[in-house]
$ cat entry20.cif   # mmCIF, C-alpha atoms and all ligand atoms
data_work
loop_
_atom_site.label_atom_id
_atom_site.label_comp_id
_atom_site.auth_asym_id
_atom_site.auth_seq_id
_atom_site.Cartn_x
_atom_site.Cartn_y
_atom_site.Cartn_z
CA MET P 1 -53.33 -44.66 -24.25
CA ALA P 2 -52.58 -47.61 -21.96
CA ASP P 3 -53.65 -47.45 -18.31
CA ALA P 4 -51.31 -45.65 -15.93
CA LEU P 5 -48.58 -47.69 -14.24
CA ARG P 6 -49.55 -47.45 -10.58
CA ILE P 7 -46.62 -47.38 -8.20
CA GLY P 8 -46.35 -47.69 -4.44
CA ILE P 9 -43.23 -46.23 -2.80
CA ALA P 10 -41.96 -47.39 0.59
CA GLY P 11 -39.37 -45.14 2.21
CA LEU P 12 -39.62 -41.38 1.81
CA GLY P 13 -36.11 -40.29 2.73
CA THR P 14 -33.93 -38.22 0.39
CA VAL P 15 -34.27 -40.65 -2.53
CA GLY P 16 -37.98 -41.45 -2.05
CA ALA P 17 -38.87 -37.75 -1.88
CA SER P 18 -36.78 -37.07 -5.01
CA VAL P 19 -38.57 -39.87 -6.88
CA VAL P 20 -42.00 -38.42 -6.01
CA ARG P 21 -40.85 -34.90 -6.93
CA MET P 22 -39.27 -35.98 -10.25
CA LEU P 23 -42.30 -38.04 -11.25
CA GLY P 24 -44.35 -34.87 -10.77
CA ASP P 25 -41.93 -32.53 -12.54
CA LYS P 26 -41.20 -34.90 -15.43
CA GLY P 27 -44.64 -36.50 -15.66
CA ALA P 28 -45.62 -35.25 -19.12
CA GLU P 29 -42.28 -36.16 -20.69
CA LEU P 30 -42.27 -39.63 -19.10
CA THR P 31 -45.80 -40.26 -20.35
CA ARG P 32 -44.69 -39.34 -23.88
CA GLN P 33 -41.65 -41.64 -23.65
CA CYS P 34 -43.43 -44.61 -22.10
CA GLY P 35 -46.82 -44.33 -23.76
CA ARG P 36 -48.47 -44.33 -20.36
CA GLU P 37 -48.40 -42.34 -17.15
CA ILE P 38 -46.26 -43.44 -14.19
CA ALA P 39 -48.44 -42.54 -11.24
CA PRO P 40 -47.41 -42.72 -7.58
CA VAL P 41 -50.67 -43.85 -6.00
CA ALA P 42 -49.53 -45.07 -2.58
CA VAL P 43 -46.69 -44.52 -0.13
CA SER P 44 -45.41 -45.88 3.14
CA ALA P 45 -42.92 -44.32 5.55
CA ARG P 46 -42.25 -44.22 9.26
CA ASP P 47 -43.32 -40.65 9.96
CA ARG P 48 -46.56 -39.50 8.40
CA ALA P 49 -46.40 -35.95 9.78
CA ARG P 50 -42.94 -34.98 8.47
CA ASP P 51 -42.82 -32.22 5.85
CA ARG P 52 -40.82 -33.60 2.92
CA GLY P 53 -41.58 -30.74 0.56
CA ILE P 54 -43.56 -33.02 -1.77
CA ASP P 55 -47.22 -33.27 -2.61
CA LEU P 56 -48.69 -36.56 -1.33
CA GLY P 57 -52.27 -35.33 -1.70
CA ASN P 58 -53.45 -38.02 -4.12
CA THR P 59 -51.59 -40.93 -2.60
CA GLN P 60 -52.92 -43.54 -0.23
CA TRP P 61 -50.91 -43.94 2.99
CA PHE P 62 -49.91 -47.39 4.28
CA ASP P 63 -48.37 -47.76 7.73
CA ASP P 64 -47.13 -51.24 6.84
CA PRO P 65 -44.85 -51.55 3.77
CA VAL P 66 -45.63 -55.27 3.47
CA GLU P 67 -49.32 -54.43 3.10
CA LEU P 68 -48.48 -51.79 0.48
CA ALA P 69 -46.24 -54.26 -1.39
CA SER P 70 -49.02 -56.77 -1.99
CA SER P 71 -51.85 -54.25 -2.40
CA ALA P 72 -54.03 -54.77 -5.48
CA GLU P 73 -53.94 -50.97 -5.92
CA ILE P 74 -50.38 -51.01 -7.32
CA ASP P 75 -48.53 -52.55 -10.29
CA VAL P 76 -44.99 -51.77 -9.08
CA TYR P 77 -43.55 -51.69 -5.58
CA VAL P 78 -40.60 -49.32 -5.10
CA GLU P 79 -38.51 -50.28 -2.08
CA LEU P 80 -36.40 -47.45 -0.68
CA ILE P 81 -36.41 -48.51 2.96
CA GLY P 82 -32.91 -50.02 3.08
CA GLY P 83 -31.44 -52.82 5.16
CA GLU P 84 -30.71 -56.42 4.28
CA ASP P 85 -33.56 -57.97 6.26
CA GLY P 86 -36.67 -56.84 8.10
CA PRO P 87 -39.34 -54.79 6.33
CA ALA P 88 -37.24 -54.32 3.18
CA PHE P 89 -36.90 -58.06 2.59
CA GLU P 90 -40.41 -58.95 3.76
CA SER P 91 -42.02 -56.32 1.58
CA VAL P 92 -40.02 -57.09 -1.57
CA ARG P 93 -40.73 -60.80 -1.20
CA ALA P 94 -44.44 -60.08 -0.62
CA ALA P 95 -44.59 -57.88 -3.72
CA LEU P 96 -42.93 -60.47 -5.95
CA GLU P 97 -45.08 -63.28 -4.57
CA ALA P 98 -48.16 -61.16 -5.25
CA GLY P 99 -47.07 -60.67 -8.87
CA ARG P 100 -45.99 -57.02 -8.55
CA HIS P 101 -42.89 -55.72 -10.28
CA VAL P 102 -40.27 -54.37 -7.90
CA VAL P 103 -37.77 -51.53 -8.18
CA THR P 104 -35.23 -51.24 -5.39
CA ALA P 105 -32.13 -49.22 -4.54
CA ASN P 106 -31.19 -51.64 -1.80
CA LYS P 107 -27.68 -53.00 -2.35
CA ALA P 108 -27.48 -54.70 1.05
CA LEU P 109 -30.70 -56.62 0.41
CA LEU P 110 -29.64 -57.75 -3.06
CA SER P 111 -26.18 -58.60 -1.89
CA LYS P 112 -27.56 -60.93 0.78
CA ARG P 113 -30.81 -62.21 -0.74
CA GLY P 114 -30.76 -61.16 -4.38
CA VAL P 115 -30.63 -64.65 -5.88
CA GLU P 116 -33.52 -65.86 -3.73
CA LEU P 117 -35.60 -62.82 -4.72
CA ALA P 118 -34.62 -63.17 -8.39
CA ALA P 119 -35.91 -66.75 -8.36
CA ILE P 120 -39.30 -65.58 -7.08
CA ALA P 121 -39.46 -62.77 -9.65
CA GLU P 122 -38.60 -65.11 -12.51
CA ARG P 123 -41.05 -67.76 -11.35
CA ASN P 124 -43.85 -65.18 -11.25
CA GLY P 125 -42.89 -63.44 -14.50
CA VAL P 126 -42.31 -60.03 -12.92
CA LEU P 127 -39.36 -57.67 -13.03
CA LEU P 128 -36.95 -56.96 -10.20
CA ASN P 129 -35.02 -53.86 -11.26
CA TYR P 130 -32.18 -52.43 -9.19
CA GLU P 131 -30.22 -49.88 -11.23
CA ALA P 132 -30.05 -47.50 -8.26
CA ALA P 133 -28.43 -50.12 -6.02
CA VAL P 134 -25.01 -49.84 -7.69
CA ALA P 135 -23.18 -46.59 -8.41
CA GLY P 136 -26.24 -44.35 -7.99
CA GLY P 137 -27.15 -42.66 -11.25
CA ILE P 138 -24.69 -44.58 -13.48
CA PRO P 139 -26.60 -47.04 -15.71
CA VAL P 140 -24.18 -49.90 -15.06
CA ILE P 141 -26.75 -52.66 -14.52
CA LYS P 142 -28.46 -51.92 -17.82
CA THR P 143 -25.07 -51.76 -19.52
CA MET P 144 -23.91 -55.10 -18.16
CA ARG P 145 -27.24 -56.89 -18.46
CA GLU P 146 -28.29 -55.60 -21.85
CA ALA P 147 -25.75 -53.57 -23.80
CA LEU P 148 -22.87 -56.02 -23.31
CA ALA P 149 -24.78 -59.11 -24.48
CA GLY P 150 -22.34 -61.64 -25.93
CA ASN P 151 -19.32 -60.03 -24.31
CA GLN P 152 -17.25 -62.09 -21.94
CA VAL P 153 -16.28 -59.96 -18.97
CA THR P 154 -12.74 -60.53 -17.70
CA ARG P 155 -12.64 -57.90 -14.96
CA VAL P 156 -14.93 -55.31 -13.47
CA PHE P 157 -13.64 -52.68 -11.09
CA GLY P 158 -14.62 -49.30 -9.88
CA ILE P 159 -14.98 -46.48 -7.47
CA LEU P 160 -18.29 -47.49 -5.94
CA ASN P 161 -18.41 -45.34 -2.84
CA GLY P 162 -18.70 -41.58 -3.16
CA THR P 163 -17.84 -40.92 0.47
CA CYS P 164 -14.45 -42.65 0.22
CA ASN P 165 -13.62 -41.02 -3.07
CA TYR P 166 -14.59 -37.64 -1.67
CA ILE P 167 -12.35 -38.18 1.38
CA LEU P 168 -9.34 -39.35 -0.65
CA THR P 169 -9.75 -36.52 -3.16
CA ARG P 170 -9.81 -33.82 -0.50
CA MET P 171 -6.98 -35.40 1.47
CA GLU P 172 -4.83 -35.26 -1.65
CA ALA P 173 -5.92 -31.85 -2.94
CA GLU P 174 -5.94 -29.96 0.35
CA GLY P 175 -3.73 -31.98 2.67
CA LEU P 176 -6.64 -32.36 5.12
CA SER P 177 -6.89 -35.16 7.65
CA PHE P 178 -9.05 -38.21 7.12
CA GLU P 179 -11.34 -37.18 10.01
CA GLU P 180 -11.94 -33.65 8.69
CA CYS P 181 -12.90 -34.99 5.25
CA LEU P 182 -15.23 -37.63 6.69
CA ARG P 183 -17.06 -35.01 8.76
CA GLU P 184 -17.56 -32.91 5.63
CA ALA P 185 -18.87 -35.92 3.64
CA GLN P 186 -21.38 -36.58 6.42
CA ARG P 187 -22.44 -32.94 6.47
CA LEU P 188 -23.06 -33.06 2.72
CA GLY P 189 -25.22 -36.18 3.11
CA TYR P 190 -23.04 -38.63 1.12
CA ALA P 191 -22.24 -41.04 3.93
CA GLU P 192 -24.37 -43.94 5.12
CA ALA P 193 -26.17 -43.58 8.47
CA ASP P 194 -23.24 -45.54 9.94
CA PRO P 195 -20.19 -44.19 8.06
CA THR P 196 -18.10 -47.24 8.94
CA PHE P 197 -20.12 -48.92 6.18
CA ASP P 198 -18.51 -46.49 3.75
CA ILE P 199 -14.98 -46.15 5.06
CA GLU P 200 -14.42 -49.80 5.92
CA GLY P 201 -15.55 -50.85 2.44
CA HIS P 202 -18.82 -52.68 3.22
CA ASP P 203 -20.91 -50.44 0.96
CA THR P 204 -18.45 -51.01 -1.90
CA ALA P 205 -18.52 -54.76 -1.20
CA HIS P 206 -22.30 -54.92 -1.44
CA LYS P 207 -22.24 -53.19 -4.82
CA LEU P 208 -19.28 -55.22 -6.07
CA SER P 209 -20.99 -58.52 -5.21
CA ILE P 210 -23.88 -57.60 -7.52
CA LEU P 211 -21.54 -56.62 -10.36
CA THR P 212 -19.60 -59.87 -9.91
CA SER P 213 -22.73 -61.94 -10.40
CA LEU P 214 -23.61 -60.02 -13.57
CA ALA P 215 -20.04 -60.22 -14.85
CA PHE P 216 -19.41 -63.91 -14.28
CA GLY P 217 -22.86 -65.52 -14.12
CA CYS P 218 -22.30 -66.71 -10.57
CA ARG P 219 -24.34 -66.52 -7.39
CA ILE P 220 -23.87 -63.39 -5.31
CA SER P 221 -21.40 -63.96 -2.53
CA ALA P 222 -20.69 -60.87 -0.47
CA ASP P 223 -19.20 -62.93 2.35
CA ASP P 224 -16.36 -63.99 0.07
CA ILE P 225 -14.95 -60.51 -0.48
CA TYR P 226 -11.51 -59.51 0.74
CA LEU P 227 -12.07 -56.23 2.55
CA GLU P 228 -9.84 -53.34 3.61
CA GLY P 229 -11.11 -49.79 4.15
CA ILE P 230 -9.40 -46.41 3.85
CA SER P 231 -9.12 -45.43 7.51
CA ASN P 232 -5.41 -46.22 7.67
CA ILE P 233 -4.47 -44.23 4.56
CA SER P 234 -2.25 -41.37 5.64
CA GLN P 235 -0.92 -38.19 4.08
CA ALA P 236 2.43 -40.02 3.82
CA ASP P 237 0.83 -42.64 1.53
CA ILE P 238 -0.92 -40.05 -0.59
CA ARG P 239 2.26 -38.01 -1.03
CA ALA P 240 4.41 -41.05 -1.82
CA ALA P 241 1.85 -42.30 -4.34
CA GLY P 242 1.91 -38.91 -6.09
CA GLU P 243 5.72 -38.86 -6.24
CA LEU P 244 5.72 -42.28 -7.90
CA GLY P 245 3.01 -41.44 -10.46
CA TYR P 246 0.06 -43.04 -8.69
CA ARG P 247 -3.16 -41.94 -7.00
CA ILE P 248 -4.94 -43.84 -4.23
CA LYS P 249 -8.57 -44.88 -4.78
CA LEU P 250 -10.79 -47.28 -2.88
CA LEU P 251 -11.63 -49.81 -5.58
CA GLY P 252 -13.89 -52.82 -5.69
CA VAL P 253 -12.38 -55.33 -8.10
CA ALA P 254 -13.74 -58.62 -9.42
CA GLN P 255 -11.71 -60.68 -11.81
CA LYS P 256 -11.45 -64.23 -13.03
CA SER P 257 -8.21 -66.09 -12.56
CA GLU P 258 -7.25 -69.73 -13.00
CA ASN P 259 -7.92 -70.16 -9.27
CA GLY P 260 -11.50 -68.92 -9.37
CA ILE P 261 -13.01 -65.48 -8.91
CA GLU P 262 -11.25 -62.75 -6.96
CA GLN P 263 -13.46 -60.19 -5.26
CA ARG P 264 -11.59 -57.57 -3.32
CA VAL P 265 -12.18 -54.12 -1.89
CA HIS P 266 -9.12 -52.18 -0.79
CA PRO P 267 -7.22 -48.92 -1.22
CA THR P 268 -5.51 -49.20 -4.58
CA MET P 269 -2.80 -47.33 -6.44
CA VAL P 270 -3.84 -46.48 -9.99
CA PRO P 271 -1.54 -44.70 -12.44
CA THR P 272 -2.17 -40.94 -12.27
CA SER P 273 -2.48 -40.95 -16.07
CA SER P 274 -5.32 -43.53 -16.07
CA VAL P 275 -8.88 -42.42 -16.70
CA ILE P 276 -10.14 -43.77 -13.38
CA ALA P 277 -7.54 -41.67 -11.54
CA GLN P 278 -9.27 -38.56 -12.90
CA VAL P 279 -12.53 -39.46 -11.12
CA HIS P 280 -12.72 -37.02 -8.25
CA GLY P 281 -14.97 -36.21 -5.32
CA VAL P 282 -18.25 -38.01 -4.80
CA THR P 283 -18.26 -39.23 -8.41
CA ASN P 284 -18.34 -43.00 -8.99
CA ALA P 285 -16.85 -44.92 -11.90
CA VAL P 286 -17.12 -48.50 -13.12
CA ALA P 287 -14.65 -50.04 -15.56
CA ILE P 288 -15.78 -53.16 -17.40
CA GLU P 289 -13.16 -55.11 -19.31
CA THR P 290 -14.44 -57.56 -21.91
CA ASP P 291 -13.10 -59.74 -24.69
CA MET P 292 -14.91 -57.77 -27.42
CA LEU P 293 -14.63 -54.26 -26.07
CA GLY P 294 -11.43 -53.86 -24.08
CA GLU P 295 -12.06 -51.46 -21.20
CA LEU P 296 -15.25 -49.44 -20.97
CA LEU P 297 -15.48 -46.78 -18.25
CA LEU P 298 -18.73 -45.31 -17.02
CA SER P 299 -18.58 -42.46 -14.55
CA GLY P 300 -21.07 -40.16 -12.91
CA PRO P 301 -22.84 -39.27 -9.68
CA GLY P 302 -22.94 -42.26 -7.35
CA ALA P 303 -24.97 -40.81 -4.51
CA GLY P 304 -27.52 -38.15 -3.73
CA GLY P 305 -31.28 -37.86 -4.07
CA ASN P 306 -31.68 -36.81 -7.69
CA ALA P 307 -28.96 -39.07 -9.11
CA THR P 308 -30.41 -42.12 -7.37
CA ALA P 309 -33.96 -41.08 -8.30
CA SER P 310 -32.84 -40.91 -11.93
CA ALA P 311 -31.91 -44.61 -11.81
CA VAL P 312 -35.18 -45.53 -10.06
CA ILE P 313 -37.19 -43.65 -12.68
CA GLY P 314 -35.24 -45.35 -15.50
CA ASP P 315 -36.23 -48.71 -14.01
CA LEU P 316 -39.86 -47.61 -13.74
CA ALA P 317 -39.84 -46.44 -17.36
CA ASP P 318 -38.56 -49.87 -18.46
CA ILE P 319 -41.46 -51.50 -16.65
CA ALA P 320 -43.94 -49.02 -18.09
CA LYS P 321 -42.70 -49.89 -21.59
CA SER P 322 -42.55 -53.68 -21.09
CA ARG P 323 -45.38 -55.92 -22.22
CA PRO P 324 -46.50 -59.12 -20.49
CA GLY P 325 -44.41 -62.00 -21.82
CA PHE P 326 -41.85 -59.59 -23.26
CA GLN P 327 -39.57 -58.62 -20.41
CA HIS P 328 -35.87 -57.90 -20.62
CA GLY P 329 -34.38 -61.12 -19.40
CA PRO P 330 -33.36 -62.64 -16.09
CA VAL P 331 -32.61 -60.47 -13.06
CA PHE P 332 -28.86 -61.23 -12.91
CA GLY P 333 -28.33 -61.79 -16.61
CA ARG P 334 -29.04 -65.51 -16.54
CA PRO P 335 -31.86 -67.45 -14.84
CA ALA P 336 -31.39 -67.50 -11.06
CA LYS P 337 -31.38 -71.30 -10.94
CA GLU P 338 -28.58 -71.41 -13.53
CA LEU P 339 -26.23 -69.04 -11.71
CA ALA P 340 -23.02 -70.99 -10.99
CA PRO P 341 -21.82 -71.51 -7.42
CA TYR P 342 -19.24 -68.87 -6.50
CA ARG P 343 -15.67 -70.27 -6.52
CA ARG P 344 -13.42 -67.99 -4.49
CA ALA P 345 -9.80 -67.47 -5.51
CA ALA P 346 -7.64 -67.19 -2.38
CA MET P 347 -6.30 -63.69 -1.81
CA ARG P 348 -2.80 -65.10 -1.30
CA SER P 349 -2.77 -66.10 -4.97
CA HIS P 350 -3.57 -62.57 -6.17
CA ALA P 351 -0.93 -61.41 -8.65
CA GLY P 352 -0.06 -57.76 -9.18
CA GLY P 353 2.29 -54.94 -8.32
CA TYR P 354 2.60 -53.63 -4.75
CA PHE P 355 3.53 -50.38 -3.03
CA ILE P 356 5.21 -50.92 0.33
CA ARG P 357 5.98 -48.04 2.71
CA LEU P 358 8.27 -48.77 5.63
CA THR P 359 9.36 -46.47 8.45
CA VAL P 360 12.73 -47.73 9.61
CA GLN P 361 15.49 -46.88 12.02
CA ASP P 362 18.33 -45.11 10.25
CA ARG P 363 21.20 -47.54 10.80
CA LEU P 364 23.70 -49.46 8.75
CA GLY P 365 22.41 -52.55 6.95
CA VAL P 366 18.67 -51.79 7.05
CA PHE P 367 18.43 -51.11 3.33
CA ALA P 368 20.37 -54.29 2.56
CA ALA P 369 18.14 -56.34 4.90
CA ILE P 370 15.01 -55.10 3.16
CA ALA P 371 16.45 -55.86 -0.27
CA ARG P 372 17.43 -59.37 0.92
CA ARG P 373 13.88 -60.16 2.12
CA MET P 374 12.57 -59.09 -1.27
CA ALA P 375 15.06 -61.21 -3.17
CA ASP P 376 14.46 -64.22 -0.89
CA ASN P 377 10.79 -64.10 -1.90
CA ALA P 378 11.56 -63.64 -5.60
CA ILE P 379 10.11 -60.13 -5.61
CA SER P 380 11.54 -57.93 -8.32
CA LEU P 381 11.56 -54.20 -7.57
CA GLU P 382 10.49 -51.51 -9.98
CA SER P 383 11.66 -48.69 -7.72
CA ILE P 384 12.99 -48.05 -4.26
CA VAL P 385 13.09 -44.59 -2.71
CA GLN P 386 14.39 -43.47 0.66
CA HIS P 387 13.39 -40.25 2.42
CA GLY P 388 14.68 -38.67 5.58
CA ASP P 389 12.11 -37.61 8.15
CA VAL P 390 12.65 -33.96 9.09
CA THR P 391 10.96 -34.40 12.45
CA GLN P 392 12.67 -37.69 13.37
CA ALA P 393 16.34 -37.54 12.36
CA GLU P 394 16.93 -41.16 13.37
CA GLN P 395 14.13 -42.46 11.10
CA LYS P 396 13.87 -43.00 7.37
CA THR P 397 10.95 -43.81 5.10
CA VAL P 398 11.62 -46.50 2.51
CA ILE P 399 9.16 -46.87 -0.34
CA LEU P 400 9.25 -49.91 -2.59
CA VAL P 401 7.24 -50.52 -5.74
CA THR P 402 7.33 -54.12 -6.94
CA HIS P 403 6.91 -55.64 -10.35
CA GLU P 404 4.16 -58.24 -10.61
CA THR P 405 4.37 -60.70 -7.75
CA THR P 406 1.93 -62.53 -5.50
CA GLU P 407 0.16 -61.50 -2.32
CA ALA P 408 1.71 -64.52 -0.59
CA ALA P 409 5.25 -63.43 -1.50
CA VAL P 410 4.66 -59.84 -0.35
CA ARG P 411 3.18 -60.94 2.97
CA LYS P 412 6.12 -63.26 3.60
CA ALA P 413 8.63 -60.56 2.73
CA VAL P 414 6.93 -57.95 4.93
CA ASP P 415 6.63 -60.43 7.83
CA GLY P 416 10.36 -61.11 7.45
CA ILE P 417 11.21 -57.38 7.46
CA THR P 418 9.05 -56.92 10.58
CA LYS P 419 10.88 -59.79 12.31
CA ASP P 420 14.26 -58.24 11.41
CA GLY P 421 13.37 -55.54 13.94
CA HIS P 422 14.23 -52.41 11.94
CA LEU P 423 10.68 -51.02 11.65
CA VAL P 424 9.50 -48.22 13.92
CA ASP P 425 5.92 -48.19 12.63
CA LYS P 426 3.41 -50.60 11.05
CA PRO P 427 4.33 -51.39 7.44
CA GLN P 428 1.90 -50.10 4.83
CA VAL P 429 1.10 -52.29 1.83
CA ILE P 430 -1.12 -51.01 -1.00
CA ARG P 431 -1.94 -53.04 -4.10
CA ILE P 432 -1.42 -51.51 -7.54
CA GLU P 433 -4.14 -52.01 -10.16
CA ARG P 434 -3.60 -51.96 -13.89
CA ALA P 435 -5.97 -49.39 -15.44
CA ALA P 436 -6.26 -47.86 -18.92
N1 LIG R 501 -22.84 -43.86 1.07
C1 LIG R 501 -22.90 -44.18 -0.31
C2 LIG R 501 -21.71 -43.50 -0.98
C3 LIG R 501 -24.21 -43.73 -0.91
O1 LIG R 501 -21.01 -42.73 -0.33
O2 LIG R 501 -21.46 -43.75 -2.15
C4 LIG R 501 -24.63 -44.50 -2.11
O3 LIG R 501 -24.65 -45.88 -1.91
#
$ encode --input "entry20.cif" --output "structure tokens" --more "lines below"
Ligand code: HSE
Amino acid sequence: MADALRIGIAGLGTVGASVVRMLGDKGAELTRQCGREIAPVAVSARDRARDRGIDLGNTQWFDDPVELASSAEIDVYVELIGGEDGPAFESVRAALEAGRHVVTANKALLSKRGVELAAIAERNGVLLNYEAAVAGGIPVIKTMREALAGNQVTRVFGILNGTCNYILTRMEAEGLSFEECLREAQRLGYAEADPTFDIEGHDTAHKLSILTSLAFGCRISADDIYLEGISNISQADIRAAGELGYRIKLLGVAQKSENGIEQRVHPTMVPTSSVIAQVHGVTNAVAIETDMLGELLLSGPGAGGNATASAVIGDLADIAKSRPGFQHGPVFGRPAKELAPYRRAAMRSHAGGYFIRLTVQDRLGVFAAIARRMADNAISLESIVQHGDVTQAEQKTVILVTHETTEAAVRKAVDGITKDGHLVDKPQVIRIERAA
């Protein structure tokens, strides 16, 4: 049998501890599958004394992850520290420069410096695997990089943040407030250390930027993502969406248009009958639309120790099975130096349907004024509904659903309605996404 694959793990939080535990529990089966043992031989973490409920008896301890990363005692460096710079970046770069394979779950790092790191990996003939960085346990990187060879991707979109999906699901199912649901997500350990990363869409954006590069063969460009979080989604939006046959999800969407590539993260209305609308709670889902396949949807656990450890271990098994000179292709699907520059399509040119919720004063002519602003901007309406407000007799809620139009037209129309002076609250605009 071949020599054991010796791994060094930096970061022993929930995921790191799960990886060590699973490698122990599943050791015999993994050895059978890979033809060699995957052996954690060294670790690095901030607190040596902490009881993590795992056996670190046979592992060497490194205080400095950079030293671990380039140690001659390991074949693979597993980075589970997190963060886009600092020790995570320094250690991954050191490992790749030293000719070690790397497995990482670090979406922020890849989103910011992935192309640079891929170039080093490819130059040195080592693997940089990152399945756990996007959608936790869902094997979306492997699917896009390997299984969809030859397919031309036209759009990739998904629920990439478990915390947001959990919040929206509970708000809809139980009528709870946004704050109550967020607290519960934090208690259950789904949320990032700083939950604004989840609820304002940054975590989704990091993951989306990686999928965009794989989908369209372009450089990663997280700074070019249109971003809106879920903190201003109210019970009124959720109820109105339901009445009109939609459900609200925070989606990351990347698609090619004649103007370039659109990358956007925002609350989105999807038809209640679509498959992605059935994805509830902390579960993630990624839809990949291609010329050969139509729409493929992968769904599964997107966060949590064991789910993320499953993706890390899958990456390790690939390395254990690979032979020198026979790897599985470039890090982002095509050689890093051939990735095209990212060409951003302006958000104003985005075309699609829109949901618009307006709270207006109940007086003569308001409805007509709204309709006029829509017509003036060539926006055709699919439906228009008006509700009385039981608590505010002098107010009405007007909900419009448009046919396909542009972001620019909707913004102009809504600005016009605001200037008309009939609104008593901020207008709410939510984009509608086509989904199978
Ligand atoms: N905070 C993330 C989520 C964890 O809620 O999905 C995985 O990136």
$ residues_around --input "entry20.cif" --residues "segment 279-285 of chain P" --least-positions-apart "3" --cutoff "7 Å" --atoms "all atoms listed in the file" --output "PyMOL selection string"
chain P and resi 135+158-163+165-166+169+276+297-302
$ closest_residue --input "entry20.cif" --among "P:Asn58, P:Thr268, P:Gln428, P:Gln33" --to "Asn232 of chain P" --atoms "all atoms listed in the file"
P:Gln428
$ closest_residue --input "entry20.cif" --among "P:Ser209, P:Glu243, P:Gly82, P:Ile238" --to "Asp223 of chain P" --atoms "only C-alpha atoms"
P:Ser209
$ residues_around --input "entry20.cif" --residues "Gly27 of chain P" --least-positions-apart "5" --cutoff "10 Å" --atoms "all atoms listed in the file" --output "ChimeraX atom specification"
/P:21-22,32-33,36-39
$ closest_residue --input "entry20.cif" --among "P:Ala409, P:Val253, P:Leu80, P:Leu30" --to "ligand LIG 501 (chain R)" --atoms "all atoms listed in the file"
P:Leu80
$ atom_distance --input "entry20.cif" --atom1 "atom CA of Tyr130 of chain P" --atom2 "atom CA of Leu211 of chain P"
11.5 Å
$ residues_near_point --input "entry20.cif" --point "(-38.8, -47.9, -12.3)" --cutoff "8 Å" --atoms "all atoms listed in the file" --output "list in words"
Val76, Val78, Val102, Val103, Asn129, Ala311, Val312, Ile313, Gly314, Asp315, Leu316, Ala317, Asp318, Ile319 and Ala320 of chain P
$ closest_residue --input "entry20.cif" --among "P:Ile288, P:Ile417, P:Ala378, P:Ala119" --to "Lys337 of chain P" --atoms "all atoms listed in the file"
P:Ala119
$ residues_around --input "entry20.cif" --residues "Ala94 of chain P" --least-positions-apart "4" --cutoff "7 Å" --atoms "all atoms listed in the file" --output "CSV table (one decimal) with C-alpha atoms, in the coordinates of the input"
chain,number,residue,atom,x,y,z
P,66,VAL,CA,-45.6,-55.3,3.5
P,69,ALA,CA,-46.2,-54.3,-1.4
P,70,SER,CA,-49.0,-56.8,-2.0
P,90,GLU,CA,-40.4,-59.0,3.8
P,98,ALA,CA,-48.2,-61.2,-5.2
$ residues_around --input "entry20.cif" --residues "Asp63 of chain P" --least-positions-apart "3" --cutoff "12 Å" --atoms "all atoms listed in the file" --output "ChimeraX atom specification"
/P:9-11,42-48,60,66-69,87
$ write_last_selection --input "entry20.cif" --atoms "C-alpha atoms" --output "JSON list (two decimals), in the frame of the given file"
[["chain", "number", "residue", "atom", "x", "y", "z"],
["P", 9, "ILE", "CA", -43.23, -46.23, -2.80],
["P", 10, "ALA", "CA", -41.96, -47.39, 0.59],
["P", 11, "GLY", "CA", -39.37, -45.14, 2.21],
["P", 42, "ALA", "CA", -49.53, -45.07, -2.58],
["P", 43, "VAL", "CA", -46.69, -44.52, -0.13],
["P", 44, "SER", "CA", -45.41, -45.88, 3.14],
["P", 45, "ALA", "CA", -42.92, -44.32, 5.55],
["P", 46, "ARG", "CA", -42.25, -44.22, 9.26],
["P", 47, "ASP", "CA", -43.32, -40.65, 9.96],
["P", 48, "ARG", "CA", -46.56, -39.50, 8.40],
["P", 60, "GLN", "CA", -52.92, -43.54, -0.23],
["P", 66, "VAL", "CA", -45.63, -55.27, 3.47],
["P", 67, "GLU", "CA", -49.32, -54.43, 3.10],
["P", 68, "LEU", "CA", -48.48, -51.79, 0.48],
["P", 69, "ALA", "CA", -46.24, -54.26, -1.39],
["P", 87, "PRO", "CA", -39.34, -54.79, 6.33]]
$ axis_aligned_box --input "entry20.cif" --around "segment 299-303 of chain P" --padding-each-side "5 Å" --output "AutoDock Vina command-line options"
--center_x -21.8 --center_y -40.9 --center_z -9.5 --size_x 16.4 --size_y 13.2 --size_z 20.0
$ atom_distance --input "entry20.cif" --atom1 "atom CA of Ser91 of chain P" --atom2 "atom CA of Ser71 of chain P"
10.8 Å
$ closest_residue --input "entry20.cif" --among "P:Gly333, P:Gly245, P:Gly125, P:Gly294" --to "Ile432 of chain P" --atoms "all atoms listed in the file"
P:Gly245
